[in-house]
>>> print(open('start_23.cif').read())   # mmCIF, C-alpha atoms
data_model
loop_
_atom_site.label_atom_id
_atom_site.label_comp_id
_atom_site.auth_asym_id
_atom_site.auth_seq_id
_atom_site.Cartn_x
_atom_site.Cartn_y
_atom_site.Cartn_z
CA MET U 1 -6.17 -28.64 14.62
CA SER U 2 -7.57 -30.55 17.54
CA GLU U 3 -10.94 -32.23 17.32
CA ARG U 4 -12.24 -29.97 20.08
CA LYS U 5 -11.34 -26.80 18.13
CA GLN U 6 -12.88 -28.19 14.95
CA LYS U 7 -16.14 -28.87 16.78
CA TYR U 8 -16.11 -25.37 18.31
CA TYR U 9 -15.53 -23.67 14.93
CA LYS U 10 -18.15 -25.80 13.21
CA GLU U 11 -20.73 -24.89 15.86
CA ALA U 12 -19.82 -21.19 15.67
CA LEU U 13 -20.14 -21.25 11.87
CA ASN U 14 -23.53 -22.97 12.04
CA LYS U 15 -24.74 -20.39 14.59
CA LEU U 16 -23.56 -17.55 12.33
CA LYS U 17 -25.35 -19.11 9.33
CA GLU U 18 -28.57 -19.31 11.35
CA GLU U 19 -28.32 -15.66 12.42
CA ARG U 20 -27.43 -14.18 9.03
CA GLY U 21 -29.12 -16.57 6.64
CA PRO U 22 -27.68 -17.95 3.42
CA VAL U 23 -24.90 -16.21 1.52
CA ASN U 24 -26.04 -14.04 -1.37
CA PRO U 25 -25.41 -16.06 -4.58
CA GLU U 26 -24.36 -12.92 -6.49
CA LEU U 27 -21.75 -12.11 -3.85
CA ARG U 28 -20.48 -15.69 -3.95
CA GLU U 29 -20.07 -15.54 -7.75
CA ARG U 30 -18.22 -12.20 -7.59
CA ASN U 31 -15.83 -13.62 -4.99
CA LYS U 32 -15.20 -16.72 -7.13
CA TYR U 33 -14.46 -14.54 -10.16
CA ARG U 34 -12.11 -12.28 -8.18
CA THR U 35 -10.27 -15.25 -6.67
CA LYS U 36 -9.84 -16.84 -10.09
CA MET U 37 -8.56 -13.55 -11.53
CA VAL U 38 -6.05 -12.95 -8.71
CA ARG U 39 -4.74 -16.51 -9.06
CA ALA U 40 -4.31 -16.08 -12.81
CA VAL U 41 -2.39 -12.82 -12.37
CA SER U 42 -0.26 -14.35 -9.62
CA LYS U 43 0.54 -17.35 -11.79
CA ILE U 44 1.48 -15.25 -14.83
CA ILE U 45 3.79 -13.01 -12.78
CA SER U 46 5.57 -15.91 -11.11
CA SER U 47 5.89 -18.13 -14.20
CA LYS U 48 6.84 -15.64 -16.94
CA LYS U 49 10.06 -13.81 -16.12
CA ASN U 50 9.55 -11.19 -18.86
CA VAL U 51 5.89 -10.42 -18.00
CA LYS U 52 5.90 -7.75 -15.35
CA THR U 53 3.69 -4.85 -16.50
CA VAL U 54 -0.10 -4.75 -16.72
CA PRO U 55 -0.16 -4.48 -20.56
CA GLU U 56 2.18 -7.49 -20.81
CA MET U 57 -0.09 -9.47 -18.48
CA HIS U 58 -3.11 -8.51 -20.57
CA GLU U 59 -1.51 -10.13 -23.63
CA TYR U 60 -1.61 -13.48 -21.80
CA LEU U 61 -4.85 -12.94 -19.89
CA GLN U 62 -7.32 -11.91 -22.59
CA ASP U 63 -10.30 -12.95 -20.44
CA TYR U 64 -9.72 -9.98 -18.13
CA THR U 65 -9.63 -6.25 -18.81
CA PRO U 66 -6.49 -4.25 -17.97
CA GLU U 67 -8.48 -2.57 -15.19
CA GLU U 68 -9.30 -5.94 -13.61
CA ILE U 69 -5.68 -7.03 -13.92
CA PHE U 70 -4.55 -3.80 -12.27
CA LEU U 71 -6.99 -4.34 -9.38
CA SER U 72 -5.58 -7.85 -8.95
CA VAL U 73 -2.06 -6.44 -8.92
CA MET U 74 -3.07 -3.95 -6.23
CA TYR U 75 -4.66 -6.76 -4.20
CA LEU U 76 -1.46 -8.81 -4.50
CA MET U 77 0.61 -5.80 -3.48
CA LYS U 78 -1.48 -5.38 -0.36
CA TYR U 79 -1.89 -9.04 0.63
CA GLY U 80 0.39 -11.22 -1.48
CA GLY U 81 3.93 -9.87 -1.30
CA LEU U 82 3.99 -8.31 -4.75
CA LYS U 83 6.30 -5.31 -5.04
CA LEU U 84 6.90 -2.51 -7.52
CA ILE U 85 10.44 -3.13 -8.81
CA ASN U 86 11.06 -0.81 -11.74
CA LYS U 87 9.48 1.21 -14.53
CA LYS U 88 9.36 0.05 -18.13
CA GLY U 89 8.52 3.12 -20.16
CA GLU U 90 5.33 4.52 -18.67
CA TYR U 91 4.36 1.30 -16.89
CA PRO U 92 5.55 0.00 -13.53
CA GLU U 93 6.99 -3.51 -13.35
CA TYR U 94 5.97 -5.88 -10.59
CA ALA U 95 7.57 -8.96 -9.05
CA PHE U 96 7.04 -11.03 -5.95
CA GLU U 97 9.21 -10.14 -2.99
CA GLY U 98 12.66 -11.62 -3.39
CA GLY U 99 12.23 -12.30 -7.13
CA ASN U 100 13.26 -10.30 -10.19
#
>>> encode(input="start_23.cif", output="structure tokens")
Amino acid sequence: MSERKQKYYKEALNKLKEERGPVNPELRERNKYRTKMVRAVSKIISSKKNVKTVPEMHEYLQDYTPEEIFLSVMYLMKYGGLKLINKKGEYPEYAFEGGN
């Protein structure tokens, strides 16, 4: 990115901060938690070939509830290239696009 663009974006961001005020600390913490959770789910799906359903992910990610894991899976399906590939019993299996 050129130095001119960087200066423009920095000025625009500072102007926006002045208009809206500081970011709500509670909102910032929720976003940090969600980002951490989505990264953990993404990592477990891409690293463990046999872990593809939400209950299987929950076995490895005890810090998160199955509902939170499912929300992360839905987020990754919408924005991260995760696809529904099969069904294992009652549960759908997920994998990143191009992977099995």
>>> residues_near_point(input="start_23.cif", point="(8.6, -4.2, -11.4)", cutoff="12 Å", atoms="only C-alpha atoms", output="list in words")
Ile45, Lys49, Asn50, Val51, Lys52, Thr53, Val54, Glu56, Val73, Met77, Leu82, Lys83, Leu84, Ile85, Asn86, Lys87, Lys88, Gly89, Glu90, Tyr91, Pro92, Glu93, Tyr94, Ala95, Phe96, Glu97, Gly98, Gly99 and Asn100 of chain U
>>> residues_around(input="start_23.cif", residues="U:Tyr64", least_positions_apart="5", cutoff="10 Å", atoms="only C-alpha atoms", output="list of chain:residue names")
U:Met37, U:Ala40, U:Val41, U:Met57, U:His58, U:Glu59, U:Ile69, U:Phe70
>>> atom_distance(input="start_23.cif", atom1="atom CA of U:Tyr79", atom2="atom CA of U:Tyr33")
17.5 Å
>>> atom_distance(input="start_23.cif", atom1="atom CA of U:Glu11", atom2="atom CA of U:Glu29")
25.4 Å
>>> atom_distance(input="start_23.cif", atom1="atom CA of U:Leu13", atom2="atom CA of U:Arg28")
16.8 Å
>>> closest_residue(input="start_23.cif", among="U:Pro66, U:Pro55, U:Lys17, U:Gly80", to="U:Arg39", atoms="only C-alpha atoms")
U:Gly80
>>> axis_aligned_box(input="start_23.cif", around="stretch 33-38 of chain U", padding_each_side="6 Å", output="lines of an AutoDock Vina configuration file")
center_x = -10.3
center_y = -14.6
center_z = -9.1
size_x = 20.4
size_y = 16.6
size_z = 16.9
>>> closest_residue(input="start_23.cif", among="U:Glu18, U:Lys5, U:Ser46, U:Asn24", to="U:Gly81", atoms="all atoms listed in the file")
U:Ser46
>>> decode(input="start_23.cif", residues="chain U", atoms="C-alpha atoms", output="PDB file, in the first residue's frame")
ATOM      1  CA  MET U   1       0.000   0.000   0.000  1.00  0.00           C
ATOM      2  CA  SER U   2       1.351   3.377  -0.931  1.00  0.00           C
ATOM      3  CA  GLU U   3       2.284   5.889   1.717  1.00  0.00           C
ATOM      4  CA  ARG U   4      -0.387   8.252   0.401  1.00  0.00           C
ATOM      5  CA  LYS U   5      -3.147   5.634   0.863  1.00  0.00           C
ATOM      6  CA  GLN U   6      -1.906   4.778   4.345  1.00  0.00           C
ATOM      7  CA  LYS U   7      -2.068   8.439   5.346  1.00  0.00           C
ATOM      8  CA  TYR U   8      -5.580   8.771   3.884  1.00  0.00           C
ATOM      9  CA  TYR U   9      -6.875   5.680   5.733  1.00  0.00           C
ATOM     10  CA  LYS U  10      -5.244   6.737   8.991  1.00  0.00           C
ATOM     11  CA  GLU U  11      -6.870  10.177   8.777  1.00  0.00           C
ATOM     12  CA  ALA U  12     -10.264   8.660   7.912  1.00  0.00           C
ATOM     13  CA  LEU U  13     -10.013   6.262  10.859  1.00  0.00           C
ATOM     14  CA  ASN U  14      -9.078   9.072  13.254  1.00  0.00           C
ATOM     15  CA  LYS U  15     -12.025  11.156  12.004  1.00  0.00           C
ATOM     16  CA  LEU U  16     -14.383   8.203  12.521  1.00  0.00           C
ATOM     17  CA  LYS U  17     -13.040   7.679  16.064  1.00  0.00           C
ATOM     18  CA  GLU U  18     -13.675  11.344  16.852  1.00  0.00           C
ATOM     19  CA  GLU U  19     -17.251  11.172  15.543  1.00  0.00           C
ATOM     20  CA  ARG U  20     -18.263   7.909  17.223  1.00  0.00           C
ATOM     21  CA  GLY U  21     -16.135   7.905  20.338  1.00  0.00           C
ATOM     22  CA  PRO U  22     -14.251   4.954  21.797  1.00  0.00           C
ATOM     23  CA  VAL U  23     -15.217   1.361  21.064  1.00  0.00           C
ATOM     24  CA  ASN U  24     -17.379  -0.290  23.706  1.00  0.00           C
ATOM     25  CA  PRO U  25     -15.054  -2.545  25.777  1.00  0.00           C
ATOM     26  CA  GLU U  26     -17.749  -5.223  26.107  1.00  0.00           C
ATOM     27  CA  LEU U  27     -18.163  -5.372  22.330  1.00  0.00           C
ATOM     28  CA  ARG U  28     -14.401  -5.592  21.881  1.00  0.00           C
ATOM     29  CA  GLU U  29     -14.192  -8.543  24.311  1.00  0.00           C
ATOM     30  CA  ARG U  30     -17.058 -10.384  22.587  1.00  0.00           C
ATOM     31  CA  ASN U  31     -15.339  -9.948  19.221  1.00  0.00           C
ATOM     32  CA  LYS U  32     -12.045 -11.239  20.634  1.00  0.00           C
ATOM     33  CA  TYR U  33     -13.791 -14.292  22.076  1.00  0.00           C
ATOM     34  CA  ARG U  34     -15.630 -15.010  18.807  1.00  0.00           C
ATOM     35  CA  THR U  35     -12.449 -14.634  16.754  1.00  0.00           C
ATOM     36  CA  LYS U  36     -10.566 -16.978  19.078  1.00  0.00           C
ATOM     37  CA  MET U  37     -13.399 -19.520  18.891  1.00  0.00           C
ATOM     38  CA  VAL U  38     -13.638 -19.429  15.079  1.00  0.00           C
ATOM     39  CA  ARG U  39      -9.864 -19.856  14.781  1.00  0.00           C
ATOM     40  CA  ALA U  40      -9.931 -22.848  17.132  1.00  0.00           C
ATOM     41  CA  VAL U  41     -12.722 -24.526  15.163  1.00  0.00           C
ATOM     42  CA  SER U  42     -10.965 -23.787  11.878  1.00  0.00           C
ATOM     43  CA  LYS U  43      -7.718 -25.233  13.188  1.00  0.00           C
ATOM     44  CA  ILE U  44      -9.351 -28.418  14.504  1.00  0.00           C
ATOM     45  CA  ILE U  45     -11.181 -29.049  11.220  1.00  0.00           C
ATOM     46  CA  SER U  46      -8.096 -28.531   9.083  1.00  0.00           C
ATOM     47  CA  SER U  47      -5.649 -30.450  11.310  1.00  0.00           C
ATOM     48  CA  LYS U  48      -7.672 -33.507  12.364  1.00  0.00           C
ATOM     49  CA  LYS U  49      -8.824 -35.542   9.373  1.00  0.00           C
ATOM     50  CA  ASN U  50     -11.298 -37.611  11.428  1.00  0.00           C
ATOM     51  CA  VAL U  51     -12.889 -34.636  13.257  1.00  0.00           C
ATOM     52  CA  LYS U  52     -15.680 -33.347  11.080  1.00  0.00           C
ATOM     53  CA  THR U  53     -18.898 -33.210  13.134  1.00  0.00           C
ATOM     54  CA  VAL U  54     -19.788 -30.756  15.893  1.00  0.00           C
ATOM     55  CA  PRO U  55     -19.796 -33.432  18.667  1.00  0.00           C
ATOM     56  CA  GLU U  56     -16.346 -34.613  17.540  1.00  0.00           C
ATOM     57  CA  MET U  57     -15.064 -31.028  17.623  1.00  0.00           C
ATOM     58  CA  HIS U  58     -16.501 -30.581  21.107  1.00  0.00           C
ATOM     59  CA  GLU U  59     -14.375 -33.481  22.363  1.00  0.00           C
ATOM     60  CA  TYR U  60     -11.257 -31.468  21.459  1.00  0.00           C
ATOM     61  CA  LEU U  61     -12.610 -28.010  22.270  1.00  0.00           C
ATOM     62  CA  GLN U  62     -13.958 -28.383  25.809  1.00  0.00           C
ATOM     63  CA  ASP U  63     -13.738 -24.618  26.420  1.00  0.00           C
ATOM     64  CA  TYR U  64     -16.666 -24.022  24.069  1.00  0.00           C
ATOM     65  CA  THR U  65     -20.230 -25.312  24.117  1.00  0.00           C
ATOM     66  CA  PRO U  66     -21.563 -27.303  21.144  1.00  0.00           C
ATOM     67  CA  GLU U  67     -23.818 -24.341  20.356  1.00  0.00           C
ATOM     68  CA  GLU U  68     -20.826 -21.992  20.125  1.00  0.00           C
ATOM     69  CA  ILE U  69     -18.965 -24.496  17.961  1.00  0.00           C
ATOM     70  CA  PHE U  70     -21.986 -24.783  15.682  1.00  0.00           C
ATOM     71  CA  LEU U  71     -22.186 -20.984  15.345  1.00  0.00           C
ATOM     72  CA  SER U  72     -18.489 -20.947  14.415  1.00  0.00           C
ATOM     73  CA  VAL U  73     -19.104 -23.651  11.818  1.00  0.00           C
ATOM     74  CA  MET U  74     -21.938 -21.584  10.337  1.00  0.00           C
ATOM     75  CA  TYR U  75     -19.683 -18.515  10.258  1.00  0.00           C
ATOM     76  CA  LEU U  76     -16.981 -20.519   8.478  1.00  0.00           C
ATOM     77  CA  MET U  77     -19.536 -21.857   6.019  1.00  0.00           C
ATOM     78  CA  LYS U  78     -20.615 -18.328   5.180  1.00  0.00           C
ATOM     79  CA  TYR U  79     -17.208 -16.622   5.113  1.00  0.00           C
ATOM     80  CA  GLY U  80     -14.438 -19.225   5.279  1.00  0.00           C
ATOM     81  CA  GLY U  81     -15.007 -21.817   2.568  1.00  0.00           C
ATOM     82  CA  LEU U  82     -16.273 -24.567   4.851  1.00  0.00           C
ATOM     83  CA  LYS U  83     -18.682 -26.975   3.165  1.00  0.00           C
ATOM     84  CA  LEU U  84     -21.106 -29.671   4.240  1.00  0.00           C
ATOM     85  CA  ILE U  85     -19.659 -32.886   2.794  1.00  0.00           C
ATOM     86  CA  ASN U  86     -21.576 -35.819   4.228  1.00  0.00           C
ATOM     87  CA  LYS U  87     -23.696 -37.068   7.116  1.00  0.00           C
ATOM     88  CA  LYS U  88     -22.334 -39.245   9.906  1.00  0.00           C
ATOM     89  CA  GLY U  89     -25.367 -40.691  11.629  1.00  0.00           C
ATOM     90  CA  GLU U  90     -27.517 -37.741  12.617  1.00  0.00           C
ATOM     91  CA  TYR U  91     -24.712 -35.178  12.334  1.00  0.00           C
ATOM     92  CA  PRO U  92     -23.429 -33.409   9.232  1.00  0.00           C
ATOM     93  CA  GLU U  93     -19.710 -33.575   8.469  1.00  0.00           C
ATOM     94  CA  TYR U  94     -17.812 -30.473   7.424  1.00  0.00           C
ATOM     95  CA  ALA U  95     -14.575 -29.893   5.526  1.00  0.00           C
ATOM     96  CA  PHE U  96     -12.886 -26.955   3.882  1.00  0.00           C
ATOM     97  CA  GLU U  97     -13.493 -26.585   0.175  1.00  0.00           C
ATOM     98  CA  GLY U  98     -11.284 -28.952  -1.776  1.00  0.00           C
ATOM     99  CA  GLY U  99     -10.460 -31.109   1.274  1.00  0.00           C
ATOM    100  CA  ASN U 100     -11.965 -34.349   2.555  1.00  0.00           C
TER     101      ASN U 100
END
